[in-house]
Every structure is written in C-alpha cells, then in structure tokens.
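Coordinates from model08.txt are shown below (compact mmCIF, C-alpha atoms and all ligand atoms).
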```txt
# COMPACT_ATOMS: atom_id res chain seq x y z
CA MET A 510 101.26 72.25 75.16
CA ALA A 511 101.03 75.44 73.15
CA GLN A 512 99.77 77.12 76.31
CA ALA A 513 102.70 75.84 78.36
CA LYS A 514 105.13 77.03 75.74
CA LEU A 515 103.58 80.49 75.75
CA GLU A 516 103.66 80.62 79.52
CA GLY A 517 107.28 79.55 79.47
CA ARG A 518 108.12 82.54 77.32
CA PHE A 519 106.11 85.08 79.23
CA GLN A 520 108.24 87.61 81.05
CA ALA A 521 106.42 89.37 83.85
CA PRO A 522 106.97 93.12 83.68
CA VAL A 523 109.13 94.41 86.49
CA VAL A 524 108.35 97.71 88.18
CA GLY A 525 111.11 99.21 90.31
CA MET A 526 109.90 101.37 93.15
CA VAL A 527 112.18 103.68 95.08
CA GLY A 528 111.07 103.43 98.70
CA ALA A 529 109.54 100.58 100.64
CA GLY A 530 107.00 102.17 102.97
CA GLN A 531 103.30 101.44 103.23
CA LEU A 532 102.64 102.87 99.75
CA ALA A 533 105.10 100.42 98.22
CA ARG A 534 103.61 97.68 100.39
CA MET A 535 100.11 98.26 99.02
CA THR A 536 101.50 98.67 95.48
CA HIS A 537 103.11 95.27 95.95
CA GLN A 538 99.72 93.78 96.82
CA ALA A 539 98.32 95.17 93.57
CA ALA A 540 101.37 93.89 91.67
CA VAL A 541 100.64 90.40 92.97
CA ASP A 542 97.08 90.66 91.60
CA LEU A 543 98.34 91.69 88.17
CA GLY A 544 101.25 89.26 87.97
CA VAL A 545 103.66 92.18 87.89
CA GLU A 546 106.92 91.93 89.82
CA LEU A 547 107.67 94.81 92.14
CA VAL A 548 111.27 95.42 93.18
CA VAL A 549 111.68 98.00 95.92
CA LEU A 550 114.72 100.03 96.85
CA ALA A 551 114.58 99.75 100.63
CA ARG A 552 116.68 101.07 103.46
CA ARG A 553 115.86 98.45 106.04
CA LYS A 554 114.75 94.85 106.40
CA ASP A 555 111.71 95.90 108.41
CA ASP A 556 110.41 98.37 105.81
CA PRO A 557 106.71 97.64 105.18
CA ALA A 558 107.08 96.51 101.55
CA VAL A 559 110.00 94.24 102.41
CA SER A 560 108.10 92.48 105.16
CA ALA A 561 105.23 92.04 102.68
CA GLY A 562 107.51 90.03 100.39
CA ALA A 563 108.39 92.47 97.60
CA GLN A 564 111.70 91.77 95.89
CA THR A 565 114.23 94.05 97.49
CA LEU A 566 117.42 95.94 96.75
CA TYR A 567 118.93 97.75 99.70
CA GLY A 568 120.27 101.24 99.31
CA GLU A 569 119.74 104.92 99.89
CA PRO A 570 117.27 106.75 97.63
CA ASP A 571 119.89 109.34 96.71
CA ASP A 572 122.68 106.88 95.90
CA PRO A 573 123.31 106.87 92.12
CA GLY A 574 124.65 103.30 92.25
CA ALA A 575 121.59 101.98 94.06
CA LEU A 576 119.24 103.81 91.68
CA ALA A 577 121.07 102.46 88.63
CA ALA A 578 120.93 98.94 90.07
CA LEU A 579 117.16 99.30 90.52
CA ALA A 580 116.76 100.64 86.98
CA ARG A 581 118.73 97.71 85.53
CA ARG A 582 116.33 95.27 87.19
CA SER A 583 113.18 97.10 86.06
CA ASN A 584 111.15 97.92 82.96
CA VAL A 585 110.12 101.18 84.60
CA VAL A 586 111.19 103.00 87.74
CA THR A 587 108.63 104.71 89.96
CA PHE A 588 108.53 106.09 93.52
CA ASP A 589 106.75 105.79 96.85
CA HIS A 590 108.05 109.17 98.08
CA GLU A 591 109.43 112.41 96.65
CA GLY A 592 112.81 112.16 98.34
CA VAL A 593 115.00 111.34 95.34
CA PRO A 594 116.87 114.52 94.40
CA TYR A 595 115.88 116.00 91.04
CA GLU A 596 119.39 115.58 89.59
CA ARG A 597 119.39 111.87 90.43
CA VAL A 598 116.07 111.31 88.66
CA ALA A 599 117.27 113.33 85.69
CA ALA A 600 120.48 111.28 85.57
CA LEU A 601 118.47 108.05 85.33
CA GLU A 602 116.48 109.49 82.44
CA ALA A 603 119.66 110.72 80.72
CA ALA A 604 121.04 107.18 81.00
CA GLY A 605 118.02 106.00 79.01
CA TRP A 606 115.98 104.40 81.78
CA ARG A 607 112.23 104.78 81.81
CA VAL A 608 111.18 106.80 84.84
CA GLU A 609 107.55 107.60 85.74
CA PRO A 610 106.85 110.27 86.80
CA GLY A 611 109.73 112.09 85.12
CA SER A 612 112.14 114.47 86.81
CA ASP A 613 110.46 117.68 85.64
CA ALA A 614 107.13 116.47 86.95
CA GLN A 615 108.69 115.45 90.25
CA LEU A 616 110.02 118.92 90.86
CA PHE A 617 106.42 120.08 91.42
CA ALA A 618 106.05 117.56 94.23
CA GLN A 619 109.52 118.09 95.68
CA ASP A 620 109.66 121.84 95.94
CA LYS A 621 106.64 123.74 97.23
CA LEU A 622 108.06 127.07 96.07
CA VAL A 623 108.67 125.88 92.50
CA ALA A 624 105.17 124.40 92.45
CA ARG A 625 103.59 127.66 93.65
CA GLU A 626 105.57 129.68 91.08
CA ARG A 627 104.79 127.41 88.16
CA PHE A 628 101.10 127.02 88.94
CA ALA A 629 100.77 130.78 89.43
CA ALA A 630 102.53 131.35 86.08
CA GLN A 631 99.87 129.14 84.44
CA GLY A 632 97.13 131.22 86.02
CA LEU A 633 96.13 128.37 88.35
CA PRO A 634 94.86 129.49 91.78
CA VAL A 635 97.31 129.19 94.69
CA PRO A 636 97.49 130.99 98.06
CA SER A 637 99.50 134.25 97.99
CA PHE A 638 103.09 133.36 98.69
CA ALA A 639 106.67 134.63 98.62
CA PRO A 640 110.07 133.02 98.91
CA VAL A 641 111.92 133.51 102.18
CA GLY A 642 115.31 134.61 100.92
CA ALA A 643 118.46 135.92 102.50
CA GLY A 644 116.29 138.24 104.59
CA GLY A 645 115.06 135.22 106.58
CA HIS A 646 112.77 136.36 109.36
CA ASP A 647 112.55 139.88 107.88
CA ASP A 648 111.04 138.46 104.68
CA VAL A 649 108.34 136.77 106.76
CA VAL A 650 107.54 140.01 108.57
CA THR A 651 107.42 141.97 105.31
CA PHE A 652 105.00 139.42 103.84
CA GLY A 653 102.84 139.32 106.97
CA ASP A 654 102.63 143.10 107.20
CA ARG A 655 101.56 143.25 103.55
CA HIS A 656 99.13 140.30 103.42
CA GLY A 657 97.94 140.16 107.02
CA TRP A 658 98.68 137.85 109.93
CA PRO A 659 98.76 134.97 110.65
CA VAL A 660 100.98 133.57 107.88
CA VAL A 661 102.21 130.07 107.19
CA VAL A 662 105.94 129.39 106.88
CA LYS A 663 106.91 126.17 105.12
CA ALA A 664 109.99 124.25 104.20
CA ARG A 665 110.24 124.13 100.41
CA SER A 666 111.23 120.48 100.48
CA GLY A 667 111.26 117.43 102.67
CA GLY A 668 108.15 118.15 104.79
CA TYR A 669 105.34 115.64 105.27
CA ASP A 670 102.49 115.09 107.71
CA GLY A 671 102.75 118.72 108.77
CA ARG A 672 106.44 118.60 109.64
CA GLY A 673 107.85 121.60 107.90
CA VAL A 674 104.72 123.75 108.26
CA VAL A 675 104.40 126.42 110.96
CA VAL A 676 101.59 128.92 111.47
CA VAL A 677 103.05 132.24 112.57
CA ASP A 678 100.65 134.55 114.41
CA GLY A 679 102.69 137.72 114.28
CA PRO A 680 106.13 139.30 113.88
CA ALA A 681 107.12 138.28 117.40
CA GLN A 682 106.79 134.59 116.55
CA SER A 683 108.40 134.64 113.14
CA LYS A 684 112.03 134.48 114.24
CA ALA A 685 111.41 131.29 116.19
CA ALA A 686 109.49 129.74 113.27
CA VAL A 687 112.27 130.48 110.83
CA ALA A 688 114.78 129.08 113.29
CA THR A 689 112.79 125.85 113.78
CA LEU A 690 112.50 125.24 110.05
CA GLY A 691 116.04 126.32 109.18
CA THR A 692 116.96 129.53 107.45
CA THR A 693 117.38 128.15 103.95
CA GLY A 694 114.73 126.85 101.61
CA LEU A 695 111.55 128.34 103.05
CA LEU A 696 108.48 130.05 101.69
CA VAL A 697 105.82 132.09 103.41
CA GLU A 698 102.17 132.17 102.41
CA GLU A 699 98.83 133.58 103.46
CA HIS A 700 96.98 131.62 106.11
CA VAL A 701 93.97 130.46 104.13
CA ASP A 702 90.63 130.58 105.89
CA ILE A 703 89.85 126.97 105.05
CA ALA A 704 86.23 125.81 104.92
CA VAL A 705 87.16 122.28 103.86
CA GLU A 706 90.24 120.47 102.60
CA VAL A 707 89.65 118.14 99.68
CA ALA A 708 91.87 115.94 97.58
CA LEU A 709 91.50 114.65 94.07
CA VAL A 710 93.36 111.45 93.28
CA ALA A 711 93.75 110.62 89.60
CA ALA A 712 95.82 108.38 87.36
CA ARG A 713 97.45 109.61 84.18
CA SER A 714 99.44 107.75 81.57
CA ARG A 715 102.21 109.05 79.36
CA ASN A 716 99.78 109.01 76.41
CA GLY A 717 97.51 111.39 78.36
CA GLU A 718 94.84 108.84 79.38
CA TYR A 719 93.34 110.16 82.61
CA VAL A 720 90.88 108.81 85.15
CA ALA A 721 89.84 110.64 88.31
CA TYR A 722 88.56 109.16 91.54
CA PRO A 723 85.65 110.84 93.28
CA LEU A 724 86.76 113.89 95.26
CA VAL A 725 87.42 113.22 98.95
CA SER A 726 87.17 115.59 101.88
CA THR A 727 89.96 115.21 104.39
CA LEU A 728 90.32 116.10 108.01
CA GLN A 729 93.74 117.18 109.27
CA ALA A 730 94.88 117.27 112.88
CA GLU A 731 98.20 119.01 113.46
CA GLY A 732 99.00 118.82 109.75
CA ILE A 733 98.44 115.07 109.47
CA CYS A 734 95.51 113.60 107.57
CA THR A 735 93.44 111.62 110.04
CA GLU A 736 90.13 110.91 108.29
CA LEU A 737 88.46 111.24 104.93
CA VAL A 738 85.13 110.63 103.31
CA MET A 739 84.32 109.92 99.70
CA PRO A 740 82.64 111.51 97.86
CA ALA A 741 83.35 114.90 99.44
CA GLN A 742 80.22 116.45 100.90
CA ILE A 743 80.34 119.72 99.03
CA ASN A 744 78.04 121.19 96.43
CA PRO A 745 78.37 119.70 92.93
CA GLU A 746 79.47 122.98 91.37
CA LEU A 747 82.45 123.23 93.75
CA SER A 748 83.22 119.58 93.27
CA ASP A 749 83.27 120.04 89.48
CA ARG A 750 85.55 123.05 89.82
CA ALA A 751 87.93 121.06 92.01
CA GLY A 752 87.89 118.24 89.44
CA ASP A 753 88.62 120.61 86.55
CA LEU A 754 91.41 122.28 88.49
CA ALA A 755 93.02 118.95 89.38
CA ARG A 756 92.98 117.93 85.74
CA ALA A 757 94.63 121.21 84.71
CA VAL A 758 97.24 120.58 87.42
CA ALA A 759 97.93 117.05 86.16
CA GLU A 760 98.42 118.38 82.65
CA THR A 761 100.60 121.30 83.70
CA VAL A 762 102.79 118.92 85.68
CA ASP A 763 102.73 116.27 82.93
CA ALA A 764 102.10 113.75 85.69
CA THR A 765 102.33 110.02 85.10
CA GLY A 766 101.09 107.40 87.52
CA ILE A 767 98.92 108.49 90.42
CA ILE A 768 98.68 112.19 91.13
CA ALA A 769 97.02 113.48 94.29
CA VAL A 770 96.07 117.14 94.29
CA GLU A 771 95.42 118.59 97.76
CA LEU A 772 93.07 121.56 97.54
CA PHE A 773 91.78 124.15 99.97
CA ILE A 774 88.23 125.40 99.63
CA ASP A 775 88.17 128.69 101.48
CA THR A 776 85.28 130.30 103.26
CA SER A 777 84.52 132.52 100.26
CA GLY A 778 84.17 129.50 97.96
CA ASP A 779 87.52 129.78 96.16
CA VAL A 780 89.34 126.56 95.31
CA LEU A 781 93.12 126.84 95.79
CA ILE A 782 95.89 124.36 95.11
CA ASN A 783 97.74 123.33 98.27
CA GLU A 784 100.23 120.72 97.15
CA ILE A 785 100.55 117.69 94.94
CA ALA A 786 102.00 114.23 95.30
CA LEU A 787 103.02 112.05 92.35
CA ARG A 788 102.53 108.63 93.86
CA PRO A 789 99.77 106.69 95.55
CA HIS A 790 98.50 108.88 98.35
CA ASN A 791 96.86 108.56 101.74
CA SER A 792 93.79 110.30 100.26
CA GLY A 793 93.36 107.33 97.92
CA HIS A 794 93.59 104.45 100.39
CA ALA A 795 89.83 103.99 100.48
CA THR A 796 89.91 103.17 96.75
CA ILE A 797 91.12 99.65 97.66
CA GLU A 798 87.67 98.65 98.87
CA ALA A 799 85.54 101.51 97.61
CA CYS A 800 86.36 101.69 93.89
CA VAL A 801 86.32 99.29 90.97
CA THR A 802 90.08 99.80 90.51
CA SER A 803 92.30 100.88 93.39
CA GLN A 804 94.87 103.67 93.17
CA PHE A 805 97.62 101.05 93.55
CA HIS A 806 96.42 99.05 90.56
CA ASN A 807 96.03 102.21 88.54
CA HIS A 808 99.49 103.44 89.50
CA LEU A 809 101.01 100.25 88.10
CA ARG A 810 98.80 100.34 85.02
CA ALA A 811 99.67 103.98 84.37
CA VAL A 812 103.45 103.64 84.76
CA LEU A 813 103.43 100.53 82.58
CA GLY A 814 101.39 102.32 79.90
CA TRP A 815 98.53 99.86 80.29
CA PRO A 816 94.84 100.80 80.02
CA LEU A 817 93.59 102.44 83.19
CA GLY A 818 90.86 100.90 85.32
CA ASP A 819 87.49 102.25 86.32
CA PRO A 820 87.76 104.66 89.29
CA SER A 821 84.04 104.60 90.13
CA LEU A 822 82.76 104.03 93.64
CA ILE A 823 81.06 100.68 94.16
CA ALA A 824 79.05 101.94 97.14
CA PRO A 825 77.23 105.23 97.74
CA ALA A 826 79.97 106.36 100.15
CA ALA A 827 83.18 105.35 101.86
CA ALA A 828 85.32 106.58 104.74
CA MET A 829 88.89 106.02 105.86
CA VAL A 830 90.44 106.62 109.26
CA ASN A 831 94.20 106.50 109.78
CA VAL A 832 95.58 104.43 112.63
CA LEU A 833 98.24 106.54 114.32
CA GLY A 834 100.57 105.36 117.06
CA PRO A 835 98.81 106.02 120.40
CA GLN A 836 100.33 108.54 122.81
CA ASP A 837 100.87 105.82 125.42
CA ALA A 838 103.27 104.14 122.95
CA SER A 839 101.12 101.01 122.87
CA ASP A 840 100.90 98.98 119.67
CA PRO A 841 97.52 98.83 117.86
CA ARG A 842 98.37 95.28 116.78
CA TRP A 843 97.81 94.18 120.39
CA ARG A 844 94.13 95.04 119.94
CA LEU A 845 93.57 93.68 116.44
CA THR A 846 91.17 90.94 117.49
CA GLU A 847 88.92 93.45 119.29
CA ALA A 848 88.95 95.72 116.22
CA LEU A 849 88.00 92.86 113.93
CA SER A 850 84.72 92.58 115.80
CA VAL A 851 83.61 95.55 113.66
CA ARG A 852 82.86 93.19 110.86
CA SER A 853 82.06 95.63 108.08
CA ALA A 854 85.32 97.57 108.49
CA SER A 855 88.48 96.69 106.55
CA VAL A 856 91.70 96.86 108.57
CA HIS A 857 95.10 97.56 107.01
CA LEU A 858 98.21 97.38 109.18
CA TYR A 859 101.61 98.28 107.82
CA SER A 860 103.83 96.16 110.11
CA LYS A 861 105.61 99.28 111.39
CA ALA A 862 107.02 99.63 114.89
CA ALA A 863 104.62 101.69 116.98
CA SER A 864 105.57 105.15 118.12
CA PRO A 865 103.25 108.00 119.11
CA GLY A 866 101.72 109.77 116.11
CA ARG A 867 103.28 107.48 113.50
CA LYS A 868 101.01 106.23 110.67
CA LEU A 869 100.71 102.50 111.38
CA GLY A 870 97.66 101.55 109.37
CA HIS A 871 94.22 102.59 108.24
CA VAL A 872 90.63 101.41 108.36
CA THR A 873 88.11 101.71 105.53
CA ALA A 874 84.34 101.27 105.61
CA LEU A 875 81.65 101.57 102.97
CA GLY A 876 78.17 102.89 103.67
CA GLU A 877 74.94 104.36 102.43
CA THR A 878 76.15 107.80 103.51
CA PRO A 879 79.59 109.24 104.35
CA ALA A 880 78.50 109.72 107.96
CA GLN A 881 77.51 106.08 108.29
CA ALA A 882 80.75 104.83 106.73
CA LEU A 883 82.75 107.18 108.92
CA SER A 884 81.12 106.00 112.12
CA VAL A 885 81.99 102.36 111.32
CA ALA A 886 85.58 103.20 110.37
CA ARG A 887 85.99 105.36 113.49
CA ARG A 888 84.65 102.64 115.76
CA CYS A 889 87.14 100.12 114.41
CA ALA A 890 90.09 102.56 114.40
CA ALA A 891 89.29 103.61 117.97
CA LEU A 892 89.49 99.96 119.09
CA LEU A 893 92.90 99.68 117.45
CA ALA A 894 94.04 102.91 119.09
CA GLY A 895 92.84 101.68 122.46
CA ALA A 896 90.67 104.77 122.81
N1 LIG B 1 98.46 128.35 103.62
C1 LIG B 1 97.82 127.60 104.50
N2 LIG B 1 96.77 128.09 105.18
C2 LIG B 1 96.10 127.34 106.09
N3 LIG B 1 96.44 126.09 106.42
C3 LIG B 1 97.50 125.53 105.79
C4 LIG B 1 98.24 126.25 104.80
N4 LIG B 1 99.21 125.46 104.34
C5 LIG B 1 99.10 124.29 105.01
N5 LIG B 1 98.08 124.32 105.88
C6 LIG B 1 97.64 123.21 106.76
O1 LIG B 1 98.76 122.37 107.05
C7 LIG B 1 98.55 121.07 106.48
C8 LIG B 1 99.89 120.53 105.96
O2 LIG B 1 100.41 121.40 104.98
P1 LIG B 1 101.03 120.85 103.63
O3 LIG B 1 101.62 122.00 102.89
O4 LIG B 1 100.02 120.02 102.93
O5 LIG B 1 102.24 120.00 104.20
P2 LIG B 1 102.57 118.43 104.22
O6 LIG B 1 103.58 118.30 103.12
O7 LIG B 1 103.14 118.21 105.57
O8 LIG B 1 101.29 117.69 103.95
C9 LIG B 1 97.52 121.27 105.39
O9 LIG B 1 96.83 120.07 105.10
C10 LIG B 1 96.63 122.34 106.02
O10 LIG B 1 95.77 121.75 106.99
MG MG B 2 99.83 117.98 102.55
```
Go ahead and express the file in the form of structure tokens.
Amino acid sequence: MAQAKLEGRFQAPVVGMVGAGQLARMTHQAAVDLGVELVVLARRKDDPAVSAGAQTLYGEPDDPGALAALARRSNVVTFDHEGVPYERVAALEAAGWRVEPGSDAQLFAQDKLVARERFAAQGLPVPSFAPVGAGGHDDVVTFGDRHGWPVVVKARSGGYDGRGVVVVDGPAQSKAAVATLGTTGLLVEEHVDIAVEVALVAARSRNGEYVAYPLVSTLQAEGICTELVMPAQINPELSDRAGDLARAVAETVDATGIIAVELFIDTSGDVLINEIALRPHNSGHATIEACVTSQFHNHLRAVLGWPLGDPSLIAPAAAMVNVLGPQDASDPRWRLTEALSVRSASVHLYSKAASPGRKLGHVTALGETPAQALSVARRCAALLAGA
C-alpha cells in the first residue's frame, strides 16, 4: 500500500530536447531505461525520435513560442543540435528556465570563429586562423600567403559533416571557395598536416562532476566521420595529453551534458583543438554497447544533475562504422536480414529515408583488439550498404 502511494506521487522528470534526429532518438531510448520522459521539439512526423515514440511538440528550433512551450513542459531543456540561435537560448534562460548547456557554452559549439578566439585567448592549442572579413577572398589570399597553402576556409556556423569546409589549394581557387560558402561569416585556417583525428567524449554536470570516455580515433571521408575505434591506437603520452586538453576545454566552455572534443594530432605530435559539440556525438555511439554507461544515459544524468555513470570500456576494444546512404540510392533496410547474419555486430538504424551519403544508422562491434572489432563492424555495415 505504502509503496503504491509513493508510486502514485512520483513525478517522472521531464527532459525537453530541441531536435528530434538520431541523437534525440537514442537519448529517448536511454530515457526509457531511466524512467525519464523525453519531450522533443520536432519539425516533422518522420523525425527519428518521433518515430521512436518520444513525446513530441512540433515547431521550428528558432521559434520563441515553440521553445517556450517546450520549456513549460520540461524540468530542463537540452539539445540534439547546435542550431538554436544564441539569443533564443539566452532568452529562455532569462525567462528562468533551466537550460543545459547554457547559452554562453553553446556559443563555442555554434561559432567556429568565436571558439578559436576564446580557446586561443586561454592559451589552448588551435590551428592558426583568421576571420574572413569584408575583404572576402582577399583575406583568404593574405592568410595563405602568410601561413602557406593550402588553407581551409570554413563557415563560422551551420556546417556539419564537412558541409561548410573547403580546402583551398592556392589563390586561384580561393574566390570560388568563398563564393560557395557565402561571403559572410567565414574563417580561414592553416591546413593541418593531420596524423590522426581523435575525439574525446565526456560528460560534465553543473556542479563540475566530470567523466571521460576512452579516447577514440576517427576516420573521416570527405569531412564526414565514417569509422572509429576505441580506445584510440596512439601512444599513452599523446592520449593523456588529449585527455587533459579535452578537460581544459570542457572547463573553459563550462559545458554541461555531453561534450565531444574533436582533436587533430599533427605529424609533429602536436594536439590541436578542431571543434566541439555540446550534445551526444557520433564519436560516442559505440559507448552504447562498449561502456558501462552510454553517452545518452550520461547526457540525461548530467543535465538532470544526477550522479554520472561509469564510462569504462567493458571489452578491450570497440569499433563503430556509420551506415551512409548508398550512392545507388538503395535503402540499407532492404538488406537488414543479411547484415544480421554478422551475429556479434550491433545494428542501429535511425528510420530515416535513404539518400546518398546521408547518415542512416551505425554498427558497433566489440573485440579483443580495435582491428578485430573494426573488421566485424565493417563486414556488417558493408552488407547493409550493399557493398
Ligand atoms: N584546419 C584543417 N586542416 C586539415 N583538415 C581539416 C581542417 N579543418 C577541418 N578539416 C577536416 O575536415 C573535417 C570537417 O571539419 P570540421 O571543422 O570538423 O567540420 P564539421 O562541422 O563539418 O564536422 C575534419 O574532421 C577534418 O578531417
Ligand atoms: Mg567536425
């Protein structure tokens, strides 16, 4: 009886998430485990978190009315992308709603130029960079002539999966690059001679509690992350440096929830900050099977101010391969039963309409070594891709 009465009074915490893509979908799965209610602010009925059964409000992520409606339903508001304008996030905070991560933190993930400037001001290592101002193409040429070609021109905001990033080989190509990306809101930076790209995913609470997942090494093709292994196969000293740097980044940003820090390790052994995300991240998908507590659980725990879970690996190694829409426009779901014949791989499909190059799912495998895990995950992902 007493039990029933207590249960009757229990109010499940409600987390509002702006965005309803695959990150919200997998956060919803974690919310189900924890008995937390997730309400997503979605654009469409076929958004991945909506089709997974999350409670849904429909609206645009920059609409103040929709954001306020989400906040009213929620104990805390969080995000599955960085597309909510800074002023809108700040307005929610000013209205007294709890928002994690906060607006100032989000600026680091929204604006690559602001992030570069602020990290550099803290003495944290970033590639050499400069804003592209009114000079447009001339600013790129000036930078390239000073720092050497090629250079990388980037949109300050709104880019993802390599959209918004152009490598410019020389002055002759820079006009076209600036034109493709638009003449406002760009930065230019040195083209780093990358030995390996790594990412550190961590969770941080408002009270400063911090747990870091093992460093992963990622493989990018045309700016999009295609594969990763965990732990990164780099020497322990470099791995420690990357871990220390990521922690300094999380503190500088005052991150809450999951933070993913993308890092370049260059051929001379320097570790440089590329960019950060303040939400569950593709680099952390393997944590679902590979770690005691997944990044999605820890995101919820962090934004709710609950104790964080153990990020340790439960196997010697893990690998993840993204399932991208095949070039022939076929749908990987057609081949699911073949892929499931790879029994030790774990398949995740996001219920998204297939189109070439689009992220439609991922496959994770555990193993004794990263190479072994990767070969299993690749085999399964290749069956899905019809390769
Ligand atoms: N300065 C750079 N030098 C060399 N490669 C870069 C540089 N900046 C970006 N890249 C490459 O482009 C990819 C995407 O760039 P990034 O800034 O992370 O954009 P996105 O927001 O699309 O992930 C990186 O993962 C890296 O492979
Ligand atoms: Mg990136």
What residues have any atom no more than 12 Å from ligand MG 2 (chain B) when counting only C-alpha atoms and all ligand atoms, and can you list them as a PDB file with C-alpha atoms, in the coordinates of the input?
```pdb
ATOM      1  CA  ALA A 618     106.050 117.560  94.230  1.00  0.00           C
ATOM      2  CA  GLN A 619     109.520 118.090  95.680  1.00  0.00           C
ATOM      3  CA  LYS A 621     106.640 123.740  97.230  1.00  0.00           C
ATOM      4  CA  LYS A 663     106.910 126.170 105.120  1.00  0.00           C
ATOM      5  CA  SER A 666     111.230 120.480 100.480  1.00  0.00           C
ATOM      6  CA  GLY A 667     111.260 117.430 102.670  1.00  0.00           C
ATOM      7  CA  GLY A 668     108.150 118.150 104.790  1.00  0.00           C
ATOM      8  CA  TYR A 669     105.340 115.640 105.270  1.00  0.00           C
ATOM      9  CA  ASP A 670     102.490 115.090 107.710  1.00  0.00           C
ATOM     10  CA  GLY A 671     102.750 118.720 108.770  1.00  0.00           C
ATOM     11  CA  ARG A 672     106.440 118.600 109.640  1.00  0.00           C
ATOM     12  CA  GLY A 673     107.850 121.600 107.900  1.00  0.00           C
ATOM     13  CA  VAL A 674     104.720 123.750 108.260  1.00  0.00           C
ATOM     14  CA  GLU A 706      90.240 120.470 102.600  1.00  0.00           C
ATOM     15  CA  VAL A 707      89.650 118.140  99.680  1.00  0.00           C
ATOM     16  CA  ALA A 708      91.870 115.940  97.580  1.00  0.00           C
ATOM     17  CA  THR A 727      89.960 115.210 104.390  1.00  0.00           C
ATOM     18  CA  LEU A 728      90.320 116.100 108.010  1.00  0.00           C
ATOM     19  CA  GLN A 729      93.740 117.180 109.270  1.00  0.00           C
ATOM     20  CA  ALA A 730      94.880 117.270 112.880  1.00  0.00           C
ATOM     21  CA  GLU A 731      98.200 119.010 113.460  1.00  0.00           C
ATOM     22  CA  GLY A 732      99.000 118.820 109.750  1.00  0.00           C
ATOM     23  CA  ILE A 733      98.440 115.070 109.470  1.00  0.00           C
ATOM     24  CA  CYS A 734      95.510 113.600 107.570  1.00  0.00           C
ATOM     25  CA  THR A 735      93.440 111.620 110.040  1.00  0.00           C
ATOM     26  CA  ALA A 769      97.020 113.480  94.290  1.00  0.00           C
ATOM     27  CA  VAL A 770      96.070 117.140  94.290  1.00  0.00           C
ATOM     28  CA  GLU A 771      95.420 118.590  97.760  1.00  0.00           C
ATOM     29  CA  LEU A 772      93.070 121.560  97.540  1.00  0.00           C
ATOM     30  CA  PHE A 773      91.780 124.150  99.970  1.00  0.00           C
ATOM     31  CA  ILE A 782      95.890 124.360  95.110  1.00  0.00           C
ATOM     32  CA  ASN A 783      97.740 123.330  98.270  1.00  0.00           C
ATOM     33  CA  GLU A 784     100.230 120.720  97.150  1.00  0.00           C
ATOM     34  CA  ILE A 785     100.550 117.690  94.940  1.00  0.00           C
ATOM     35  CA  ALA A 786     102.000 114.230  95.300  1.00  0.00           C
ATOM     36  CA  HIS A 790      98.500 108.880  98.350  1.00  0.00           C
ATOM     37  CA  ASN A 791      96.860 108.560 101.740  1.00  0.00           C
ATOM     38  CA  SER A 792      93.790 110.300 100.260  1.00  0.00           C
TER      39      SER A 792
END
```
Quiz item: Looking at all atoms listed in the file, which of A:Glu760, A:Ser583, A:Ala721, A:Ala578 is the one that sits closest to A:Ala614?
Solution: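 Looking only at the distances to A:Ala614, the closest residue turns out to be A:Glu760.
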Quiz item: Which is closest to A:Asp702 among A:Ala580, A:Val661, A:Val524, A:Ala681, if we use only C-alpha atoms?
Solution: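 Among A:Ala580, A:Val661, A:Val524, A:Ala681, it is A:Val661 that comes nearest to A:Asp702.
Among the candidates A:Gln881, A:Ser683, A:Gln520, A:Ser637, the one nearest to ligand LIG 1 (chain B) when counting all atoms listed in the file is A:Ser637.
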Practice problem: Compare A:Ala890, A:Gln742, A:Thr761, A:Ser850 by their minimum atom-to-atom distance to A:Arg627, counting all atoms listed in the file, and give me the closest one. | Solution: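 Using all atoms listed in the file, A:Arg627 sits closest to A:Thr761.
Atom CA of A:Ser612 sits 27.9 Å away from atom CA of A:Ile797.
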Quiz item: Quick one, how far is atom CA of A:Val635 from atom CA of A:Val830?
Solution: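 Spanning atom CA of A:Val635 to atom CA of A:Val830 is a straight-line distance of 27.7 Å.
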Quiz prompt | Which of A:Pro723, A:Pro865, A:Pro570, A:Pro659 sits closest to ligand LIG 1 (chain B) [using only C-alpha atoms and all ligand atoms] | solution = A:Pro659
Quiz prompt | Selection near A:Ala863, 10 Å with all atoms listed in the file, sequence-local residues under 6 positions removed, as a PyMOL selection string | solution = chain A and resi 833-836+838-842+869
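The space between atom CA of A:Arg713 and atom CA of A:Ser748 spans 19.6 Å.
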Practice problem: Pick out the closest residue to A:His700 from this set: A:Phe638, A:Gln804, A:Ala741, A:Val687. Count all atoms listed in the file. | Solution: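 Answer, going by the shortest atom-to-atom distance: A:Phe638.
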Could you pull stretch 724-736 of chain A out of the block above and save it with N, CA and C atoms, as an mmCIF file, in the first residue's frame?
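Below is the file out_7.cif, written as the result:
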```
data_model
loop_
_atom_site.group_PDB
_atom_site.id
_atom_site.type_symbol
_atom_site.label_atom_id
_atom_site.label_comp_id
_atom_site.auth_asym_id
_atom_site.auth_seq_id
_atom_site.Cartn_x
_atom_site.Cartn_y
_atom_site.Cartn_z
ATOM 1 N N LEU A 724 39.484 7.745 -25.213
ATOM 2 C CA LEU A 724 39.700 8.477 -26.465
ATOM 3 C C LEU A 724 39.408 7.564 -27.663
ATOM 4 N N VAL A 725 38.779 8.124 -28.697
ATOM 5 C CA VAL A 725 38.559 7.336 -29.923
ATOM 6 C C VAL A 725 39.363 7.935 -31.059
ATOM 7 N N SER A 726 39.794 7.095 -32.000
ATOM 8 C CA SER A 726 40.347 7.662 -33.232
ATOM 9 C C SER A 726 39.298 7.513 -34.321
ATOM 10 N N THR A 727 39.158 8.566 -35.102
ATOM 11 C CA THR A 727 38.082 8.619 -36.092
ATOM 12 C C THR A 727 38.664 8.692 -37.490
ATOM 13 N N LEU A 728 37.911 8.169 -38.421
ATOM 14 C CA LEU A 728 38.310 8.249 -39.818
ATOM 15 C C LEU A 728 37.259 9.066 -40.545
ATOM 16 N N GLN A 729 37.716 10.097 -41.262
ATOM 17 C CA GLN A 729 36.800 10.966 -41.994
ATOM 18 C C GLN A 729 36.950 10.725 -43.489
ATOM 19 N N ALA A 730 35.845 10.674 -44.205
ATOM 20 C CA ALA A 730 35.920 10.669 -45.666
ATOM 21 C C ALA A 730 35.069 11.831 -46.150
ATOM 22 N N GLU A 731 35.676 12.730 -46.897
ATOM 23 C CA GLU A 731 35.005 13.940 -47.360
ATOM 24 C C GLU A 731 34.315 14.670 -46.210
ATOM 25 N N GLY A 732 35.031 14.793 -45.086
ATOM 26 C CA GLY A 732 34.533 15.606 -43.975
ATOM 27 C C GLY A 732 33.506 14.908 -43.097
ATOM 28 N N ILE A 733 33.122 13.694 -43.436
ATOM 29 C CA ILE A 733 32.105 13.002 -42.642
ATOM 30 C C ILE A 733 32.774 11.828 -41.923
ATOM 31 N N CYS A 734 32.448 11.696 -40.644
ATOM 32 C CA CYS A 734 33.038 10.609 -39.860
ATOM 33 C C CYS A 734 32.448 9.294 -40.368
ATOM 34 N N THR A 735 33.305 8.365 -40.740
ATOM 35 C CA THR A 735 32.792 7.096 -41.255
ATOM 36 C C THR A 735 33.052 5.919 -40.316
ATOM 37 N N GLU A 736 34.181 5.975 -39.595
ATOM 38 C CA GLU A 736 34.539 4.844 -38.724
ATOM 39 C C GLU A 736 35.273 5.365 -37.495
#
```
